[in-house]
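What follows is data23.txt (compact mmCIF, C-alpha atoms).
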```
# COMPACT_ATOMS: atom_id res chain seq x y z
CA MET A 1 86.45 80.65 90.20
CA THR A 2 83.67 79.92 92.66
CA ASN A 3 84.47 78.55 96.04
CA THR A 4 81.57 76.48 97.26
CA THR A 5 83.67 73.76 98.85
CA ALA A 6 82.29 72.65 102.19
CA THR A 7 84.88 72.69 104.93
CA ARG A 8 85.18 70.57 108.03
CA THR A 9 85.92 71.52 111.59
CA LEU A 10 87.98 69.77 114.24
CA VAL A 11 86.82 70.27 117.84
CA ILE A 12 88.75 69.23 120.93
CA GLU A 13 87.29 69.91 124.36
CA ARG A 14 88.64 69.18 127.79
CA GLU A 15 87.70 70.01 131.34
CA MET A 16 90.74 71.27 133.24
CA PRO A 17 90.90 71.65 137.03
CA HIS A 18 92.48 75.08 136.82
CA PRO A 19 91.16 78.65 137.04
CA GLN A 20 90.18 80.30 133.78
CA GLU A 21 92.62 83.17 134.30
CA LYS A 22 95.56 80.81 134.55
CA ILE A 23 94.64 78.94 131.38
CA TRP A 24 94.20 82.27 129.61
CA ARG A 25 97.78 83.15 130.52
CA ALA A 26 99.04 79.82 129.17
CA LEU A 27 97.22 80.55 125.90
CA THR A 28 98.35 84.15 125.49
CA GLN A 29 101.84 84.62 126.96
CA SER A 30 104.48 83.91 124.36
CA SER A 31 106.93 82.17 126.70
CA LEU A 32 104.17 80.02 128.20
CA ILE A 33 102.76 79.13 124.76
CA GLU A 34 106.21 77.94 123.78
CA GLU A 35 106.20 75.49 126.67
CA TRP A 36 103.19 73.53 125.45
CA LEU A 37 102.77 74.41 121.79
CA MET A 38 105.66 75.88 119.79
CA LYS A 39 108.16 78.73 119.64
CA ASN A 40 106.30 81.88 118.64
CA ASP A 41 106.20 85.67 118.51
CA PHE A 42 102.57 85.87 119.58
CA GLN A 43 101.11 89.04 121.04
CA PRO A 44 97.53 89.25 122.30
CA ALA A 45 96.45 91.98 119.87
CA ALA A 46 94.00 91.58 117.02
CA GLY A 47 95.73 92.07 113.67
CA HIS A 48 99.14 91.01 114.98
CA ARG A 49 100.88 88.68 112.53
CA PHE A 50 103.09 86.01 114.01
CA SER A 51 104.39 82.54 113.39
CA PHE A 52 104.79 79.29 115.23
CA ARG A 53 108.06 77.52 114.60
CA ALA A 54 108.83 73.92 115.29
CA THR A 55 111.90 71.89 114.36
CA PRO A 56 111.53 71.08 110.66
CA VAL A 57 110.92 67.41 109.89
CA PRO A 58 111.23 65.65 106.51
CA ASN A 59 107.58 66.21 105.69
CA TRP A 60 107.01 69.61 107.29
CA ASP A 61 109.03 72.84 107.30
CA GLY A 62 107.89 73.52 110.86
CA VAL A 63 106.42 76.96 110.16
CA VAL A 64 102.83 78.04 110.82
CA ASN A 65 101.85 81.54 109.67
CA CYS A 66 99.21 83.22 111.79
CA GLU A 67 97.30 86.40 112.42
CA VAL A 68 95.47 87.19 115.62
CA LEU A 69 91.78 87.54 114.80
CA LEU A 70 90.13 87.96 118.17
CA VAL A 71 91.23 88.62 121.75
CA ASP A 72 88.42 88.68 124.29
CA PRO A 73 90.03 88.27 127.74
CA ILE A 74 89.69 85.84 129.44
CA SER A 75 87.20 83.87 127.36
CA ARG A 76 87.89 83.86 123.66
CA LEU A 77 90.98 83.87 121.45
CA SER A 78 91.35 83.08 117.79
CA TYR A 79 94.04 83.21 115.13
CA SER A 80 94.43 82.10 111.55
CA TRP A 81 96.62 79.05 111.04
CA GLY A 82 98.33 78.57 107.69
CA SER A 83 100.80 75.79 107.04
CA MET A 84 101.65 73.59 104.06
CA GLY A 85 98.68 74.62 102.00
CA LEU A 86 96.19 74.42 104.87
CA GLU A 87 94.41 77.71 105.54
CA SER A 88 92.47 77.35 108.76
CA VAL A 89 91.35 79.22 111.86
CA VAL A 90 92.03 78.14 115.45
CA ALA A 91 89.52 79.40 118.02
CA TRP A 92 89.79 78.93 121.79
CA THR A 93 86.87 79.29 124.18
CA LEU A 94 87.26 79.14 127.97
CA THR A 95 84.18 78.67 130.13
CA PRO A 96 84.30 78.51 133.94
CA THR A 97 82.83 75.39 135.53
CA ASN A 98 82.37 74.22 139.11
CA GLY A 99 85.69 72.42 139.26
CA GLY A 100 87.75 74.57 136.93
CA THR A 101 87.49 75.50 133.28
CA HIS A 102 86.07 73.98 130.13
CA VAL A 103 88.61 74.39 127.30
CA ARG A 104 87.37 74.19 123.74
CA MET A 105 89.65 74.34 120.70
CA GLU A 106 88.03 74.53 117.31
CA GLN A 107 90.09 74.41 114.12
CA SER A 108 87.97 75.18 111.09
CA GLY A 109 88.61 75.39 107.37
CA PHE A 110 89.68 71.83 106.54
CA GLN A 111 88.75 71.16 102.96
CA SER A 112 87.21 67.91 101.84
CA GLU A 113 89.66 65.05 101.41
CA GLN A 114 89.24 65.17 97.68
CA ASP A 115 90.39 68.78 97.52
CA ALA A 116 93.11 68.19 100.03
CA SER A 117 94.50 65.36 98.00
CA TYR A 118 94.66 67.45 94.86
CA LYS A 119 96.24 70.24 96.78
CA GLY A 120 98.68 67.80 98.31
CA ALA A 121 99.48 66.41 94.89
CA SER A 122 100.12 69.83 93.41
CA TYR A 123 101.80 71.22 96.51
CA GLY A 124 104.72 68.88 96.74
CA TRP A 125 103.30 65.69 98.09
CA GLN A 126 106.66 64.04 97.55
CA LYS A 127 107.98 66.19 100.39
CA PHE A 128 105.12 65.04 102.52
CA ILE A 129 105.86 61.39 102.01
CA GLY A 130 109.60 61.78 102.42
CA GLY A 131 109.53 59.84 105.66
CA LEU A 132 107.36 57.05 104.34
CA GLU A 133 110.11 54.50 103.98
CA SER A 134 110.22 54.13 107.73
CA VAL A 135 106.44 54.04 108.05
CA ALA A 136 106.22 51.34 105.43
CA GLY A 137 109.01 49.47 107.16
CA ARG A 138 106.93 49.23 110.31
CA LEU A 139 103.93 47.85 108.42
CA ASP A 140 105.55 44.52 107.67
CA MET B 141 90.33 51.76 105.22
CA GLN B 142 93.56 50.56 106.77
CA ALA B 143 94.34 48.04 104.01
CA ASP B 144 94.09 50.79 101.42
CA ALA B 145 96.38 53.06 103.41
CA ASP B 146 98.90 50.22 103.82
CA ASN B 147 98.91 49.59 100.07
CA LEU B 148 99.37 53.29 99.49
CA PHE B 149 102.30 53.60 101.90
CA ARG B 150 103.96 50.51 100.45
CA ALA B 151 103.48 51.71 96.88
CA LEU B 152 105.01 55.09 97.58
CA ALA B 153 107.82 53.83 99.78
CA ASP B 154 109.83 52.77 96.72
CA PRO B 155 111.73 55.57 94.95
CA THR B 156 111.37 54.03 91.47
CA ARG B 157 107.61 53.74 91.93
CA ARG B 158 107.45 57.29 93.22
CA ALA B 159 109.33 58.45 90.12
CA ILE B 160 106.90 56.57 87.87
CA PHE B 161 103.89 58.03 89.65
CA GLU B 162 105.40 61.50 89.62
CA ARG B 163 106.01 61.25 85.90
CA LEU B 164 102.44 60.15 85.21
CA ALA B 165 101.11 62.94 87.42
CA ARG B 166 103.21 65.44 85.49
CA ASP B 167 103.00 64.16 81.90
CA GLY B 168 99.49 62.70 81.81
CA GLU B 169 98.74 59.37 80.18
CA LEU B 170 101.75 57.26 79.13
CA THR B 171 102.32 53.76 77.78
CA VAL B 172 104.45 51.15 79.52
CA HIS B 173 106.99 51.56 76.72
CA ALA B 174 107.26 55.30 77.21
CA LEU B 175 107.65 54.82 80.95
CA THR B 176 110.33 52.15 80.50
CA GLU B 177 112.48 54.42 78.33
CA ARG B 178 113.03 56.77 81.23
CA ALA B 179 112.63 54.57 84.28
CA GLY B 180 116.13 53.12 84.25
CA VAL B 181 114.79 49.58 84.85
CA SER B 182 113.53 46.80 82.58
CA GLN B 183 110.01 46.65 81.23
CA PRO B 184 109.00 43.70 83.44
CA MET B 185 110.15 45.74 86.46
CA VAL B 186 108.16 48.74 85.30
CA SER B 187 105.10 46.51 84.89
CA LYS B 188 105.63 45.15 88.39
CA HIS B 189 105.83 48.66 89.81
CA LEU B 190 102.72 49.66 87.88
CA ALA B 191 100.85 46.69 89.38
CA SER B 192 101.78 47.90 92.84
CA LEU B 193 100.65 51.43 92.02
CA LYS B 194 97.42 49.97 90.65
CA ARG B 195 96.77 48.06 93.88
CA ALA B 196 97.10 51.34 95.74
CA ARG B 197 94.71 52.90 93.17
CA LEU B 198 97.38 55.44 92.32
CA VAL B 199 97.16 54.64 88.62
CA HIS B 200 94.40 53.68 86.26
CA HIS B 201 95.04 51.77 83.02
CA ARG B 202 93.33 51.37 79.70
CA ARG B 203 94.13 48.92 76.92
CA ASP B 204 94.41 50.11 73.37
CA GLY B 205 95.39 47.32 71.01
CA ARG B 206 98.72 45.97 72.16
CA GLU B 207 99.56 49.00 74.26
CA THR B 208 98.46 49.68 77.81
CA HIS B 209 98.12 53.31 78.80
CA TYR B 210 98.53 54.43 82.39
CA GLN B 211 97.18 57.51 84.09
CA ALA B 212 97.88 58.93 87.57
CA GLN B 213 94.99 59.07 90.07
CA PRO B 214 96.18 61.72 92.53
CA GLN B 215 92.97 61.56 94.59
CA ALA B 216 94.27 58.23 95.92
CA LEU B 217 96.74 60.29 97.96
CA ALA B 218 93.93 61.50 100.21
CA PRO B 219 94.88 59.41 103.27
CA LEU B 220 98.28 61.10 103.22
CA VAL B 221 96.90 64.59 103.39
CA ASP B 222 94.01 64.09 105.73
CA TRP B 223 94.89 67.16 107.75
CA MET B 224 92.05 66.57 110.15
CA SER B 225 93.32 63.30 111.48
CA LEU B 226 96.88 64.66 111.64
CA TYR B 227 95.77 67.73 113.56
CA GLY B 228 93.48 65.68 115.81
CA ALA B 229 96.50 63.77 117.06
CA PHE B 230 98.58 66.95 117.18
CA TRP B 231 96.15 68.92 119.36
CA ARG B 232 95.41 66.05 121.76
CA ASP B 233 99.11 65.81 122.38
CA ARG B 234 99.35 69.60 122.89
CA PHE B 235 96.38 69.56 125.28
CA ASP B 236 98.34 67.06 127.39
CA GLN B 237 101.33 69.38 127.35
CA LEU B 238 99.13 72.33 128.26
CA GLU B 239 97.82 70.44 131.29
CA ASN B 240 101.39 69.59 132.25
CA LEU B 241 102.30 73.24 132.11
CA LEU B 242 99.26 74.23 134.18
CA GLU B 243 100.32 71.76 136.86
CA ARG B 244 103.78 73.30 136.94
CA MET B 245 102.40 76.83 137.09
CA ASP B 246 100.80 75.97 140.44
CA LYS B 247 104.14 75.46 142.08
```
Go through the file and emit its structure as structure tokens.
Amino acid sequence: MTNTTATRTLVIEREMPHPQEKIWRALTQSSLIEEWLMKNDFQPAAGHRFSFRATPVPNWDGVVNCEVLLVDPISRLSYSWGSMGLESVVAWTLTPTNGGTHVRMEQSGFQSEQDASYKGASYGWQKFIGGLESVAGRLD
Amino acid sequence: MQADADNLFRALADPTRRAIFERLARDGELTVHALTERAGVSQPMVSKHLASLKRARLVHHRRDGRETHYQAQPQALAPLVDWMSLYGAFWRDRFDQLENLLERMDK
């Protein structure tokens, strides 16, 4: 089977008035990561496999399976991000600026909506829409 | 489009309609009669549910003599599995939390 599907990338950037070194710590120390992202067993070592764990919700088991791909202190960090059929890569880039640090998060590997919908349909979409009653309730 | 998404959410919010859609997705094309036999509701109710699924573009129908055949259109589920928009909201929220943490790390 050929895989010529184009993928899409999500980019979020923000200027933060904090030193680069401090942001690097928040991105790479397990206990600090937990405070802003999720529980984890992250270690800043390429090849390390770890997971993020959140409280499961009706449409998500709360688990993200990851592998550290790149650790380049204190500028670049990336890890794979697999959850509910989505296989993606999260890459962080820190760049010093006059007032602090430019933080860039790039998540790549999103398949086209068409593919995603088929995947969703075959992957247990009914689980995904388990909480829809309440959503629909708010629409009226 | 928001109206499409609303129709989709409404269509799938009902368990009987979900069961009908699920069955079509699993078994392929079926007639209203075949669907009624297993749906546990009357044929007019099944037809009503199918109309709702049709509005949400979740099913496609074709007439063949006196029978109408229905087919699932799983690509209509796309708005539900648009990971990018879900993750966009997710990461913006986490960026806020990261900034909160950075503030606290100063102290």
message = I'd like the contact shell of range 83-91 of chain A - 6 Å cut-off, only C-alpha atoms, skipping same-chain residues fewer than 4 positions apart - returned as a list of chain:residue names.
response =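 The filter keeps A:Val64, A:Leu77, A:Ser78, A:Tyr79, A:Met105, A:Glu106, A:Gln107, A:Ser108, A:Gly109.
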Interface rows for chain B against chain A: nearest pair, Å to one decimal, 10 Å, only C-alpha atoms, as a tab-separated table:
```
residue	atom	partner	partner_atom	distance
B:Asp146	CA	A:Leu139	CA	7.2
B:Asn147	CA	A:Ala136	CA	9.2
B:Leu148	CA	A:Ala136	CA	9.3
B:Phe149	CA	A:Ala136	CA	5.7
B:Arg150	CA	A:Ala136	CA	5.5
B:Ala151	CA	A:Ala136	CA	9.0
B:Leu152	CA	A:Leu132	CA	7.4
B:Ala153	CA	A:Glu133	CA	4.8
B:Asp154	CA	A:Glu133	CA	7.5
B:Pro155	CA	A:Glu133	CA	9.2
B:Arg158	CA	A:Gln126	CA	8.1
B:Ala159	CA	A:Gln126	CA	9.7
B:Glu162	CA	A:Gln126	CA	8.4
B:Ala165	CA	A:Ala121	CA	8.4
B:Arg166	CA	A:Ser122	CA	9.6
B:Gln213	CA	A:Tyr118	CA	9.7
B:Pro214	CA	A:Ala121	CA	6.2
B:Gln215	CA	A:Ser117	CA	5.3
B:Ala216	CA	A:Ser117	CA	7.4
B:Leu217	CA	A:Ser117	CA	5.5
B:Ala218	CA	A:Ser117	CA	4.5
B:Pro219	CA	A:Glu113	CA	7.9
B:Leu220	CA	A:Ile129	CA	7.7
B:Val221	CA	A:Ser117	CA	6.0
B:Asp222	CA	A:Glu113	CA	6.2
B:Trp223	CA	A:Phe110	CA	7.1
B:Met224	CA	A:Leu10	CA	6.6
B:Ser225	CA	A:Leu10	CA	8.8
B:Tyr227	CA	A:Leu10	CA	8.1
B:Gly228	CA	A:Leu10	CA	7.0
B:Phe230	CA	A:Leu37	CA	9.7
B:Trp231	CA	A:Ile12	CA	7.6
B:Arg232	CA	A:Ile12	CA	7.4
B:Asp233	CA	A:Trp36	CA	9.3
B:Arg234	CA	A:Leu37	CA	6.0
B:Phe235	CA	A:Trp36	CA	7.9
B:Asp236	CA	A:Trp36	CA	8.3
B:Gln237	CA	A:Trp36	CA	4.9
B:Leu238	CA	A:Trp36	CA	5.1
B:Glu239	CA	A:Met16	CA	7.4
B:Asn240	CA	A:Trp36	CA	8.1
B:Leu241	CA	A:Trp36	CA	6.7
B:Leu242	CA	A:Ile23	CA	7.2
B:Glu243	CA	A:His18	CA	8.5
B:Met245	CA	A:Lys22	CA	8.3
B:Asp246	CA	A:His18	CA	9.1
```
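Minimum distance to Pro44 in chain A across A:Glu67, A:Trp81, A:Gly99, A:Thr7 (counting only C-alpha atoms) occurs at A:Glu67.
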query = Pick the closest to Ala46 in chain A from A:Thr28, A:Asn98, A:Val71, A:Cys66: which is it, counting only C-alpha atoms?
reply =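 Ranking A:Thr28, A:Asn98, A:Val71, A:Cys66 by distance to Ala46 in chain A, first place goes to A:Val71.
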query = Mind pulling up the distance from CA of Arg157 in chain B to CA of Ser192 in chain B?
reply =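 Going from CA of Ser192 in chain B over to CA of Arg157 in chain B, I get 8.3 Å.
Across the model, the gap from CA of Glu15 in chain A to CA of His48 in chain A is 29.0 Å.
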